[in-house]
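Peer 1: Take a look at this one; I'll ask things after.
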2 protein chains.
Amino acid sequence: MRTKKTVPDAVTRRLPRYYRHLGDLLEAGRDRISSKELSEKMGVTASQIRQDLNHFGGFGQQGYGYNVAHLHGEIGKILGITRDYSMIVVGAGNMGRAIAKHTNFEKAGFCVRALFDINPKRIGLSVRGIEVRDTATLKDYLKTDKTDIAVIATPASVAGEVADFLVKNGVKYIWNFAPADITATGDVIVENVHLTDSLITLAYRLNERETDK
Amino acid sequence: MRTKKTVPDAVTRRLPRYYRHLGDLLEAGRDRISSKELSEKMGVTASQIRQDLNHFGGFGQQGYGYNVAHLHGEIGKILGITRDYSMIVVGAGNMGRAIAKHTNFEKAGFCVRALFDINPKRIGLSVRGIEVRDTATLKDYLKTDKTDIAVIATPASVAGEVADFLVKNGVKYIWNFAPADITATGDVIVENVHLTDSLITLAYRLNERETDK
């Protein structure tokens, strides 16, 4: 597995897209696909696909293309989608609850086991059968319940503090939805999802165009 | 405004982060900040910041640094955050409703005016005072109500169809949350938010590390 270490981040970021497109093809009953068709579907060049997959040994056959089920399975293995991941969500506001309710994550093996909040009005609520617990019990929870990924869906003002607390209590993988940049320290890996930034990018494009008129 | 055209996408993508960090500083009562401190806060080099801002004329002063309020205001103008944007959300499931309820977007000037769904159980519901309407009325709505940005929060299977319908009826800016790649055609701009892809990237990191053990 030594080769994985050298995989560029841009390639890693494309893998989930390959996996998703191949899953769609699989559902549509496709057995195989040419690198040309796959490249058109994904909006990248066929040469890019070959280069990307060569990081993992390559899976195509000259003149045949790719076996959809095989490639889907192999990329799933590379991505680690062959197992389940336990998640907790800290912050049971609108975004936190929407994440807990999102069935697509569970379909991909990401199961929310518990939600945590400090607001007494939210504690005790059931979100798709998952109980909202008091954040005061988070430390004990992390001692007894294996947690692969913690989702931060708190206000920005406390997100950094929550991240520090989680890391101190053994969490290594953080998926952050709070509009604050949480930077990874030590061996912790953080994936920031900045929805407002994404929305503002769209506004910039709109504004740029209207100003040019 | 001709210069804007040449701004690289990577710079554009950093602008909302500058804006967010400067907003935090402003709220904390800061008047000015050195390029060094700003760079440390943002995790980019001071030279990068200068280069980025030079695309828009530059705003720093040698030996003084940046005036926080001025720079925040100027970047806000560049990004177009000085005005409000009307949004609609198509798909009033968990994610669509969470977006409509998310007060951060409204604070930044993005106001959800209406939600649409085809499910009779959802039609008529009120989400933070915003009515869920029948998708059958979407065409008429778009004729009478100016819509800057349409959010797609439908299942992946219908997302492409919904996008085509929106574009046909005059929508130019799409924020897509469905796990499908919607590609921009003509003068339409699409910003795809692939949450599952982001989560899988985190799983890949976890898996990569555990396999290396």
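Residues are named by chain letter and number: chains run A, B, ... in the order of the structure tokens, numbers start at 1 in each chain, and ligands are numbered from 1 in the order shown.
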Taking only C-alpha atoms into account, produce a table as CSV in which each residue of chain B with an atom at most 6 Å from an atom of chain A appears once, together with its shortest atom pair and the distance in Å to one decimal, ordered by chain and rising number.
Peer 2:
residue,atom,partner,partner_atom,distance
B:Pro16,CA,A:Asp197,CA,5.2
B:Leu79,CA,A:Tyr204,CA,4.5
B:Gly80,CA,A:Asn207,CA,5.5
B:Asn94,CA,A:Ala98,CA,5.2
B:Met95,CA,A:Ala98,CA,5.7
B:Ala98,CA,A:Asn94,CA,5.2
B:Asp197,CA,A:Pro16,CA,5.2
B:Tyr204,CA,A:Leu79,CA,4.5
B:Asn207,CA,A:Gly80,CA,5.5
Peer 1: Skipping near chain neighbours, those fewer than 3 positions away, what residues fall within 10 Å of range 58-60 of chain B using only C-alpha atoms, listed as a ChimeraX atom specification?
Peer 2: /B:33-35,49-55,63-67,70-71,74-75
Peer 1: Export C-alpha atoms of the chosen residues as a PDB file, in the first residue's frame?
Peer 2:
ATOM      1  CA  ILE B  33      -4.122  43.961  10.670  1.00  0.00           C
ATOM      2  CA  SER B  34      -0.644  43.346   9.287  1.00  0.00           C
ATOM      3  CA  SER B  35      -0.375  41.197   6.192  1.00  0.00           C
ATOM      4  CA  ILE B  49      -2.463  37.778   0.016  1.00  0.00           C
ATOM      5  CA  ARG B  50      -0.727  40.714  -1.673  1.00  0.00           C
ATOM      6  CA  GLN B  51      -0.829  38.937  -5.026  1.00  0.00           C
ATOM      7  CA  ASP B  52      -4.500  38.029  -4.602  1.00  0.00           C
ATOM      8  CA  LEU B  53      -5.533  41.560  -3.670  1.00  0.00           C
ATOM      9  CA  ASN B  54      -3.420  43.090  -6.437  1.00  0.00           C
ATOM     10  CA  HIS B  55      -5.885  41.584  -8.898  1.00  0.00           C
ATOM     11  CA  GLY B  63       4.200  49.600   7.192  1.00  0.00           C
ATOM     12  CA  TYR B  64       0.517  49.894   8.125  1.00  0.00           C
ATOM     13  CA  GLY B  65      -1.006  46.681   6.905  1.00  0.00           C
ATOM     14  CA  TYR B  66      -4.698  46.543   6.092  1.00  0.00           C
ATOM     15  CA  ASN B  67      -7.555  48.621   7.397  1.00  0.00           C
ATOM     16  CA  HIS B  70     -12.106  49.142   4.479  1.00  0.00           C
ATOM     17  CA  LEU B  71     -10.758  45.833   3.154  1.00  0.00           C
ATOM     18  CA  GLU B  74     -14.038  46.447  -0.632  1.00  0.00           C
ATOM     19  CA  ILE B  75     -13.963  42.644  -0.824  1.00  0.00           C
TER      20      ILE B  75
END
Peer 1: To one decimal place, how far is CA of Val167 in chain B from CA of Ala114 in chain B in Å?
Peer 2: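 Separating CA of Val167 in chain B from CA of Ala114 in chain B is a distance of 17.2 Å.
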Peer 1: Could you please determine the separation between CA of Ile123 in chain B and CA of Asp140 in chain B in Å, to one decimal place?
Peer 2: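 We find that CA of Ile123 in chain B and CA of Asp140 in chain B lie 16.2 Å from each other.
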Peer 1: Among range 33-112 of chain B, which residues does DSSP mark as strand (DSSP E) when it is run on the backbone? Keep the chain and numbering as in the structure and answer as a list of chain:residue names.
Peer 2: B:Ile33, B:Tyr66, B:Asn67, B:Tyr85, B:Ser86, B:Met87, B:Ile88, B:Val89, B:Val90, B:Phe110, B:Cys111, B:Val112
Peer 1: If I take CA of Arg113 in chain A and CA of Ala184 in chain A, how far is one from the other in Å, to one decimal?
Peer 2: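 If I compute the distance from CA of Arg113 in chain A to CA of Ala184 in chain A, I get 23.5 Å.
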Peer 1: Where in range 21-195 of chain A does DSSP assign helix (DSSP H, G or I), given as a PyMOL selection string?
Peer 2: chain A and resi 21-27+35-42+46-54+68-79+94-101+103-107+135-144+156-168+195
Peer 1: Looking at B:Ala159, B:Leu25, B:Ile118, B:Ala69, which one is nearest to Thr135 in chain B, with distances taken over only C-alpha atoms?
Peer 2: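 Among the listed residues, B:Ile118 lies closest to Thr135 in chain B.
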